[in-house]
Structure formats: C-alpha cells, structure tokens
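K.L.:
Encoded as structure tokens, here's the structure I'll be asking about.
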Amino acid sequence: MGRMNRRVLVVTNTPTPYRNFTFQQLGTACAEHSVDLDVWFMSSGDAYGRWRFSEQDLPFKSRIFGGPPRTIRGVPLHFAPRMLAAMARESWDVTVVGGYAAPALLAAGVLARLRSYPVLWTEGNLTALRRTTGLLPIVKRLALEQFQAFVVPQQATEEMVVALAPKTKGRQFIRFPNLVDASVFGDGVALARAARADIRRELGLAAGKQLWLVAARLSEEKGLHELMRGLVGIDNVRLVLAGDGPLRDDLERLAASLDLDVNFRGQCDEGSLVRLLGAADIFVLPSRWDSSPLAPIEASCAGLPLLLSERVGNAKDLLISGVNGWSFDPLDETATRSAFQRVASLSDVELKMMGRRSRAVYDERFDARTHTVALARALWELASARTRTGQS
C-alpha cells in the first residue's frame with residue numbers, strides 16, 4: 001500500500017525567477033513523495049516593477065491573489081485579504097509561511113497555527129538586523145514563537161531565530177539553501193565563456209585587466225562605497241556593476257572622483273547577466289549586511305572565484321578561504337585593501353583553478369535536486385506526525 005498523500009500550503013509574497021525555479025523543483029519532489037503542494041502568492045509582482053507573472057507563467061500548482069503591493073515610504077506592504085479569507089476556508093496538514101515582514105504574512109502565521117502545523121520559511125542573520133530595541137523585536141519574538149518548525153538557508157539564520165525568540169530553541173530547523181538553475185548559471189555560463197574574448201572586447205576591457213563583477217542592487221547595505229575606496233590605486237581591475245538602485249548617481253560621482261575603472265550596466269536580464277558571468281574573472285559582494293543573497297550562489301554555479309564580505313549571510317556556506325576565494329570585513333579598510341590586492345595579484349591560471357573549486361562547492365552544497373527531495377521528505381514527515389498525534 002502506498003503512502004497517504006499529505007497536503008502542504010506555502011504562502012509567500014511575490015513570484016520571482018528564482019522562487020519559480022525552486023517551487024517547480026519542489027513541486028516535482030513533493031509529487032514523488034506523496035505531498036500535494038500548493039503555492040499561494042499575495043501579489044503578481046514586486047513594488048519596483050522588476051517582475052510580473054501571471055498564473056500561466058508558473059509551472060506548478062499556484063494561485064495569485066492580487067497585483068503589486070502598496071508602498072509606504074518606499075517599503076512594500078502586503079495585506080492580501082482575499083488570500084487570508086481563502087486560508088480561513090480551507091485546511092492543510094502543514095502551512096509554510098514565507099517570512100513575517102508583511103501584515104498579511106503575520107496574519108497567515110496566526111491562521112497556520114490555528115488550522116494546521118505551522119512552519120516558517122525565513123532568511124536573515126544577526127548582522128542583518130537593523131533594529132534590536134523597541135517594539136519591533138517584541139513583535140518578531142511573538143511572530144516567531146507561533147511556529148513549530150523552520151525552513152532556513154544556513155546556520156546563521158537558525159542562530160538569529162533562537163536569539164530573537166529563545167523559546168524556539170529545540171524546535172525543528174530544516175536546512176534549505178536558496179537554489180539556482182544550473183542549466184542557466186552552469187551550462188549557460190559555460191556557453192557564454194566560449195565567447196569570453198568577444199564579450200570582454202565589447203566591454204572595452206584592456207588586455208591584462210581583471211574583470212570584477214558585482215550583481216546587486218545599488219543600495220546602502222551592499223557596501224559599494226567601501227568597495228570602490230578599497231580599489232583606489234589597484235590599476236589592473238575593471239569593476240562591473242550589474243544592477244540599479246537609489247545610490248547609482250552617488251556611486252557614479254564617487255567612481256569619477258577616485259578615477260576608478262567602473263562600468264555601470266544597470267538592471268540586467270538573465271541573458272545579460274549570464275554573459276557577464278562568462279566574461280568575469282571573479283565575483284565580488286562587499287555587503288555591509290545581507291541575509292542570504294542569491295547572486296554569489298549563481299556565481300559559484302558559474303565556476304567563479306568569490307570575494308565576499310564576511311557579513312554576507314551565506315558566505316560561510318559558499319566560501320572556503322584560500323581555496324575558492326576570500327572573505328573580508330568591508331568596515332575594516334586595511335583588511336579590505338589587503339584582500340583586494342591579493343586577488344588583483346593572482347594569475348589567470350590561479351583564478352580559473354579557484355573557479356573550478358567554486359563549482360565543486362556548489363555541486364556539494366547547493367544541488368537543487370538533493371535539497372528539494374530532502375525538503376519534500378521533511379514536509380511529509382511533519383504532516384504525518386501531526387496526523388498521528390491527532391491534531392486537527
């Protein structure tokens with residue numbers, strides 16, 4: 001006799017390319033492990049106009065409950081009354097809530113606790129916390145305490161949850177890193193790398209220069225001012241910034257004042273980013289704080305050496321210092337400059353060897369199939385345990 005199917009609902013804010021890939025892979029793994037997976041999105045796109053999806057674009061069982069969210073002082077706020085009403089009418093064995101930073105997600109956590117086994121899917125780390133006093137930490141503690149299990153991308157996130165809500169210590173934490181599509185960021189980049197010389201000529205890259213690639217929003221937390229100041233006097237580096245954001249004008253002025261070789265590419269689509277990864281010598285992320293960014297995972301899959309701020313939440317999972325790259329503290333000017341000079345002195349042969357090691361780290365620690373199968377099994381076990389204990 002086969003195993004009885006269990007019903008699992010995931011609620012989150014908006015579809016994005018990486019989430020859609022993750023849910024497609026997870027849906028396949030869940031179907032193989034007797035789990036019926038539903039994914040509900042509060043809105044069809046984000047507040048910044050970067051993504052728009054319809055239900056026909058999502059190759060897994062899903063529903064979209066509204067348009068882009070409202071913003072207050074630039075902060076997107078999801079309310080999703082239609083989604084909450086639907087949650088109140090139906091029931092699942094397990095409800096996985098994708099975060100707790102929006103009003104609708106807080107309400108979804110309450111409904112999850114009342115009607116099913118509540119699980120929180122969250123990112124973050126202690127260095128990424130901006131406010132540690134006042135009302136907000138109390139709200140976070142109460143929100144976290146509603147959940148009986150947690151899906152987290154790294155050890156640092158578990159440490160953050162327990163620090164914010166000590167009662168969660170001893171509850172189940174399921175490790176599930178952010179995932180990327182290896183057919184795009186592995187195979188696709190390999191094809192682009194075959195045209196590496198042509199792409200570098202298109203970028204106007206002089207012979208003998210290293211191409212340092214940053215793929216990130218141009219905003220305060222990414223540490224780009226510190227990155228530029230650390231590059232002063234290092235003449236064999238072209239810095240390419242793939243991204244846009246509120247600091248672009250300020251960064252362009254800074255690059256000019258420091259006489260740096262910086263190329264601002266603006267917001268890049270997937271194809272453009274793949275070409276840049278194929279042309280790059282090293283991937284850099286100098287964040288002052290960062291939860292669990294996707295870009296360094298993409299770079300690892302692409303087979304690039306990594307130069308990561310130690311304040312990047314998943315740096316310890318991605319980086320083996322001296323093997324596939326280095327970490328540095330962007331707020332320590334001396335250490336930052338020393339790390340930059342070390343990388344700038346490396347030969348093409350050394351960089352390519354480190355890049356191959358990055359891909360090996362990706363294969364070992366971030367393989368999509370391995371992690372989605374493990375999560376599907378864990379969700380079935382949570383649902384089955386709830387059924388055995390007679391919860392309703």
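In the structure tokens, the first chain shown is A, the next is B, and so on; residue numbers restart at 1 for each chain, and ligands run from 1 in the order shown.
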Any idea what's packed within 12 Å of region 43-46 of chain A, counting only C-alpha atoms, ignoring anything in its chain fewer than 4 positions away? Could you give it as an MDAnalysis selection string?
P.N.:
chainID A and resid 11:17 50:58 62:71 74:83 104
K.L.:
Go through region 143-233 of chain A and flag each residue having an atom no more than 8 Å from region 253-274 of chain A; for those, report the closest pair of atoms plus their distance in Å to one decimal, using only C-alpha atoms, ordered by chain and rising number, as a tab-separated table.
P.N.:
residue	atom	partner	partner_atom	distance
A:Val184	CA	A:Val274	CA	7.6
A:Phe185	CA	A:Val274	CA	6.7
A:Gly188	CA	A:Val274	CA	6.7
A:Val189	CA	A:Val274	CA	5.4
A:Ala192	CA	A:Val274	CA	6.9
A:His225	CA	A:Leu254	CA	7.8
A:Met228	CA	A:Ala255	CA	7.0
A:Arg229	CA	A:Leu258	CA	7.7
A:Leu231	CA	A:Leu260	CA	7.6
A:Val232	CA	A:Leu258	CA	6.7
K.L.:
How would you write, as number ranges by chain, the set of residues in region 80-224 of chain A that DSSP gives as alpha helix (DSSP H)?
P.N.:
A: 81-89, 103-115, 135-145, 155-164, 182, 189-194, 196-202, 224
K.L.:
Just to confirm, what's the straight-line distance from CA of Gln146 (chain A) to CA of Tyr117 (chain A) in Å (one decimal)?
P.N.:
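Between CA of Gln146 (chain A) and CA of Tyr117 (chain A) the gap is 10.1 Å.
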K.L.:
Region 362-367 of chain A: which residues within 10 Å, counting only C-alpha atoms, same-chain residues fewer than 5 positions away excluded, as number ranges by chain?
P.N.:
A: 176-182, 297-303, 317-319, 356-357, 372
K.L.:
When you count only C-alpha atoms, which of these residues is closest to Gly186 (chain A): A:Pro296, A:Gly325, A:Gly278, A:Pro103?
P.N.:
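Ranking A:Pro296, A:Gly325, A:Gly278, A:Pro103 by distance to Gly186 (chain A), first place goes to A:Gly278.
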K.L.:
Please determine, counting only C-alpha atoms, which residue among A:Gln148, A:Ser292, A:Ser34, A:Thr370 has the shortest atom-to-atom distance to Ala128 (chain A).
P.N.:
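So, comparing all the options, the nearest one is A:Ser292.
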K.L.:
Calculate how many Å separate CA of Leu294 (chain A) from CA of Ser309 (chain A), rounding to one decimal.
P.N.:
14.2 Å
K.L.:
Would you list the contacts of Gly230 (chain A) as a PDB file with N, CA and C atoms, in the first residue's frame, taking every protein, DNA or RNA residue within 9 Å and counting only C-alpha atoms, but skipping same-chain residues closer than 5 positions in sequence?
P.N.:
ATOM      1  N   HIS A 225      30.309  51.687  -1.646  1.00  0.00           N
ATOM      2  CA  HIS A 225      31.244  52.787  -1.382  1.00  0.00           C
ATOM      3  C   HIS A 225      32.569  52.232  -0.849  1.00  0.00           C
ATOM      4  N   PRO A 330      34.124  44.521   5.225  1.00  0.00           N
ATOM      5  CA  PRO A 330      34.115  45.762   4.451  1.00  0.00           C
ATOM      6  C   PRO A 330      34.265  47.011   5.311  1.00  0.00           C
ATOM      7  N   GLU A 333      39.067  48.905   6.677  1.00  0.00           N
ATOM      8  CA  GLU A 333      39.692  49.379   5.445  1.00  0.00           C
ATOM      9  C   GLU A 333      41.007  48.664   5.158  1.00  0.00           C
ATOM     10  N   THR A 334      41.803  48.413   6.200  1.00  0.00           N
ATOM     11  CA  THR A 334      43.106  47.771   5.999  1.00  0.00           C
ATOM     12  C   THR A 334      42.934  46.349   5.490  1.00  0.00           C
ATOM     13  N   THR A 336      40.287  45.055   4.027  1.00  0.00           N
ATOM     14  CA  THR A 336      39.660  45.093   2.712  1.00  0.00           C
ATOM     15  C   THR A 336      40.702  45.328   1.626  1.00  0.00           C
ATOM     16  N   ARG A 337      41.540  46.312   1.838  1.00  0.00           N
ATOM     17  CA  ARG A 337      42.549  46.622   0.830  1.00  0.00           C
ATOM     18  C   ARG A 337      43.528  45.470   0.651  1.00  0.00           C
ATOM     19  N   SER A 338      43.906  44.822   1.748  1.00  0.00           N
ATOM     20  CA  SER A 338      44.823  43.689   1.663  1.00  0.00           C
ATOM     21  C   SER A 338      44.213  42.559   0.846  1.00  0.00           C
ATOM     22  N   PHE A 340      41.875  42.821  -1.457  1.00  0.00           N
ATOM     23  CA  PHE A 340      41.758  43.244  -2.851  1.00  0.00           C
ATOM     24  C   PHE A 340      43.106  43.144  -3.563  1.00  0.00           C
TER      25      PHE A 340
END
K.L.:
Applying 10 Å and only C-alpha atoms, which residues near Asp38 (chain A) remain after dropping the ones on its own chain fewer than 5 positions away? List them as a PyMOL selection string.
P.N.:
chain A and resi 7-11+23+27+60-63+92+95
K.L.:
Just write the chosen residues, C-alpha atoms, as a PDB file, in the first residue's frame.
P.N.:
ATOM      1  CA  ARG A   7      -1.477  18.491   1.858  1.00  0.00           C
ATOM      2  CA  VAL A   8       1.037  21.315   2.201  1.00  0.00           C
ATOM      3  CA  LEU A   9       0.436  25.015   1.534  1.00  0.00           C
ATOM      4  CA  VAL A  10       3.195  27.580   1.030  1.00  0.00           C
ATOM      5  CA  VAL A  11       2.225  31.269   1.236  1.00  0.00           C
ATOM      6  CA  PHE A  23       8.842  25.809  -6.437  1.00  0.00           C
ATOM      7  CA  GLY A  27       6.637  20.525  -6.643  1.00  0.00           C
ATOM      8  CA  PHE A  60       3.483  24.384 -10.544  1.00  0.00           C
ATOM      9  CA  LYS A  61       0.201  24.407  -8.622  1.00  0.00           C
ATOM     10  CA  SER A  62      -0.246  28.018  -7.557  1.00  0.00           C
ATOM     11  CA  ARG A  63      -2.604  30.963  -7.066  1.00  0.00           C
ATOM     12  CA  TRP A  92      -3.852  21.678   5.074  1.00  0.00           C
ATOM     13  CA  THR A  95       1.259  25.512   6.214  1.00  0.00           C
TER      14      THR A  95
END
K.L.:
Extract, using only C-alpha atoms, all DNA, RNA and protein residues at most 8 Å from Ala143 (chain A), discarding same-chain residues fewer than 4 positions from it, and format them as a list in words.
P.N.:
Tyr100, Leu106, Gly109, Val139 and Phe147 of chain A
K.L.:
Could you tell me which of A:Gly170, A:Ala194, A:Asp249, A:Ala280 comes closest to Leu213 (chain A) if we count only C-alpha atoms?
P.N.:
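Checking each of A:Gly170, A:Ala194, A:Asp249, A:Ala280 against Leu213 (chain A), counting only C-alpha atoms, the winner is A:Ala280.
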K.L.:
Env of Ala315 (chain A): 12 Å cut, atoms = only C-alpha atoms, seq-sep filter 5 positions within chain, self excluded. Answer as a PyMOL selection string.
P.N.:
chain A and resi 125+153-156+177+284-287+289-297+300+306-310+320-321+324-329+361
K.L.:
Export N, CA and C atoms of the chosen residues as a tab-separated table (two decimals), in the first residue's frame?
P.N.:
chain	number	residue	atom	x	y	z
A	125	ASN	N	20.20	36.99	9.24
A	125	ASN	CA	21.23	36.68	10.22
A	125	ASN	C	21.36	37.86	11.16
A	153	PRO	N	18.02	28.88	5.34
A	153	PRO	CA	19.06	28.60	4.35
A	153	PRO	C	20.42	28.29	4.94
A	154	GLN	N	20.66	28.67	6.21
A	154	GLN	CA	22.00	28.50	6.77
A	154	GLN	C	21.93	28.52	8.29
A	155	GLN	N	23.04	28.08	8.92
A	155	GLN	CA	23.15	28.05	10.37
A	155	GLN	C	22.94	29.44	10.97
A	156	ALA	N	23.42	30.48	10.29
A	156	ALA	CA	23.29	31.84	10.82
A	156	ALA	C	21.83	32.24	11.00
A	177	PRO	N	18.91	25.73	1.38
A	177	PRO	CA	19.51	26.95	0.84
A	177	PRO	C	18.72	27.49	-0.34
A	284	VAL	N	32.29	39.53	-6.81
A	284	VAL	CA	32.52	40.28	-5.57
A	284	VAL	C	31.18	40.68	-4.97
A	285	LEU	N	31.04	40.54	-3.66
A	285	LEU	CA	29.87	41.07	-2.95
A	285	LEU	C	30.36	41.64	-1.62
A	286	PRO	N	30.43	42.98	-1.50
A	286	PRO	CA	31.03	43.61	-0.33
A	286	PRO	C	30.03	44.06	0.73
A	287	SER	N	28.91	43.38	0.87
A	287	SER	CA	27.78	43.85	1.67
A	287	SER	C	28.16	44.20	3.11
A	289	TRP	N	25.60	44.43	5.24
A	289	TRP	CA	24.70	43.43	5.82
A	289	TRP	C	23.91	42.81	4.69
A	290	ASP	N	23.60	41.52	4.81
A	290	ASP	CA	22.93	40.80	3.72
A	290	ASP	C	22.42	39.48	4.27
A	291	SER	N	21.18	39.14	3.97
A	291	SER	CA	20.56	37.95	4.58
A	291	SER	C	21.11	36.66	3.99
A	292	SER	N	20.69	36.34	2.79
A	292	SER	CA	21.12	35.11	2.13
A	292	SER	C	21.03	35.32	0.63
A	293	PRO	N	21.93	36.15	0.07
A	293	PRO	CA	21.79	36.58	-1.32
A	293	PRO	C	21.96	35.44	-2.31
A	294	LEU	N	21.27	35.59	-3.43
A	294	LEU	CA	21.29	34.58	-4.48
A	294	LEU	C	22.50	34.72	-5.39
A	295	ALA	N	22.94	35.97	-5.63
A	295	ALA	CA	23.98	36.22	-6.63
A	295	ALA	C	25.26	35.43	-6.41
A	296	PRO	N	25.80	35.31	-5.18
A	296	PRO	CA	27.02	34.51	-5.04
A	296	PRO	C	26.80	33.02	-5.27
A	297	ILE	N	25.57	32.52	-5.08
A	297	ILE	CA	25.29	31.13	-5.42
A	297	ILE	C	25.32	30.96	-6.94
A	300	SER	N	28.91	30.91	-7.93
A	300	SER	CA	29.54	29.63	-7.60
A	300	SER	C	29.16	28.57	-8.62
A	306	LEU	N	35.24	33.63	-5.54
A	306	LEU	CA	34.37	34.52	-4.79
A	306	LEU	C	35.18	35.42	-3.86
A	307	LEU	N	34.83	36.68	-3.83
A	307	LEU	CA	35.40	37.64	-2.89
A	307	LEU	C	34.21	38.23	-2.14
A	308	LEU	N	33.95	37.72	-0.93
A	308	LEU	CA	32.70	38.02	-0.24
A	308	LEU	C	32.96	38.69	1.10
A	309	SER	N	32.12	39.66	1.40
A	309	SER	CA	32.09	40.22	2.75
A	309	SER	C	31.73	39.12	3.74
A	310	GLU	N	32.39	39.13	4.88
A	310	GLU	CA	32.04	38.15	5.92
A	310	GLU	C	30.69	38.43	6.53
A	320	ILE	N	35.35	28.71	0.94
A	320	ILE	CA	36.45	28.07	1.67
A	320	ILE	C	37.66	28.96	1.45
A	321	SER	N	38.03	29.69	2.49
A	321	SER	CA	39.03	30.75	2.33
A	321	SER	C	40.34	30.21	1.78
A	324	ASN	N	38.54	28.67	-2.78
A	324	ASN	CA	37.74	29.18	-3.91
A	324	ASN	C	37.49	30.69	-3.77
A	325	GLY	N	38.27	31.35	-2.91
A	325	GLY	CA	38.14	32.79	-2.76
A	325	GLY	C	38.53	33.24	-1.37
A	326	TRP	N	38.08	34.46	-1.02
A	326	TRP	CA	38.40	35.04	0.29
A	326	TRP	C	37.20	35.81	0.82
A	327	SER	N	37.19	35.98	2.13
A	327	SER	CA	36.23	36.86	2.77
A	327	SER	C	36.97	38.05	3.37
A	328	PHE	N	36.24	39.11	3.63
A	328	PHE	CA	36.84	40.30	4.23
A	328	PHE	C	35.75	41.07	4.96
A	329	ASP	N	36.15	41.93	5.88
A	329	ASP	CA	35.22	42.80	6.59
A	329	ASP	C	35.22	44.15	5.88
A	361	VAL	N	32.14	23.31	-4.82
A	361	VAL	CA	31.39	23.66	-3.61
A	361	VAL	C	29.90	23.73	-3.92
K.L.:
Dump as a Markdown table the rows for residues of region 244-303 of chain A within 8 Å of region 199-211 of chain A: closest atom pair and distance in Å with one decimal, only C-alpha atoms counted, ordered by chain and rising residue number.
P.N.:
| residue | atom | partner | partner_atom | distance |
| --- | --- | --- | --- | --- |
| A:Arg275 | CA | A:Ile199 | CA | 7.2 |
| A:Leu276 | CA | A:Ile199 | CA | 7.8 |
| A:Ala279 | CA | A:Arg200 | CA | 6.1 |
| A:Ala280 | CA | A:Leu211 | CA | 5.0 |
| A:Asp281 | CA | A:Leu211 | CA | 5.2 |
| A:Ile282 | CA | A:Leu211 | CA | 6.8 |
K.L.:
Quick one: write out the picked residues with C-alpha atoms as a compact mmCIF listing (two decimals), in the first residue's frame?
P.N.:
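Saved file selection-v8.txt follows:
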# COMPACT_ATOMS: atom_id res chain seq x y z
CA ARG A 275 27.21 36.85 -20.48
CA LEU A 276 28.83 38.95 -17.75
CA ALA A 279 33.39 37.16 -19.07
CA ALA A 280 34.23 37.79 -15.40
CA ASP A 281 37.38 36.75 -13.54
CA ILE A 282 35.90 36.96 -10.04
K.L.:
Quick one: distance from CA of Pro305 (chain A) to CA of Phe283 (chain A) in Å, one decimal?
P.N.:
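It comes out at 6.3 Å.
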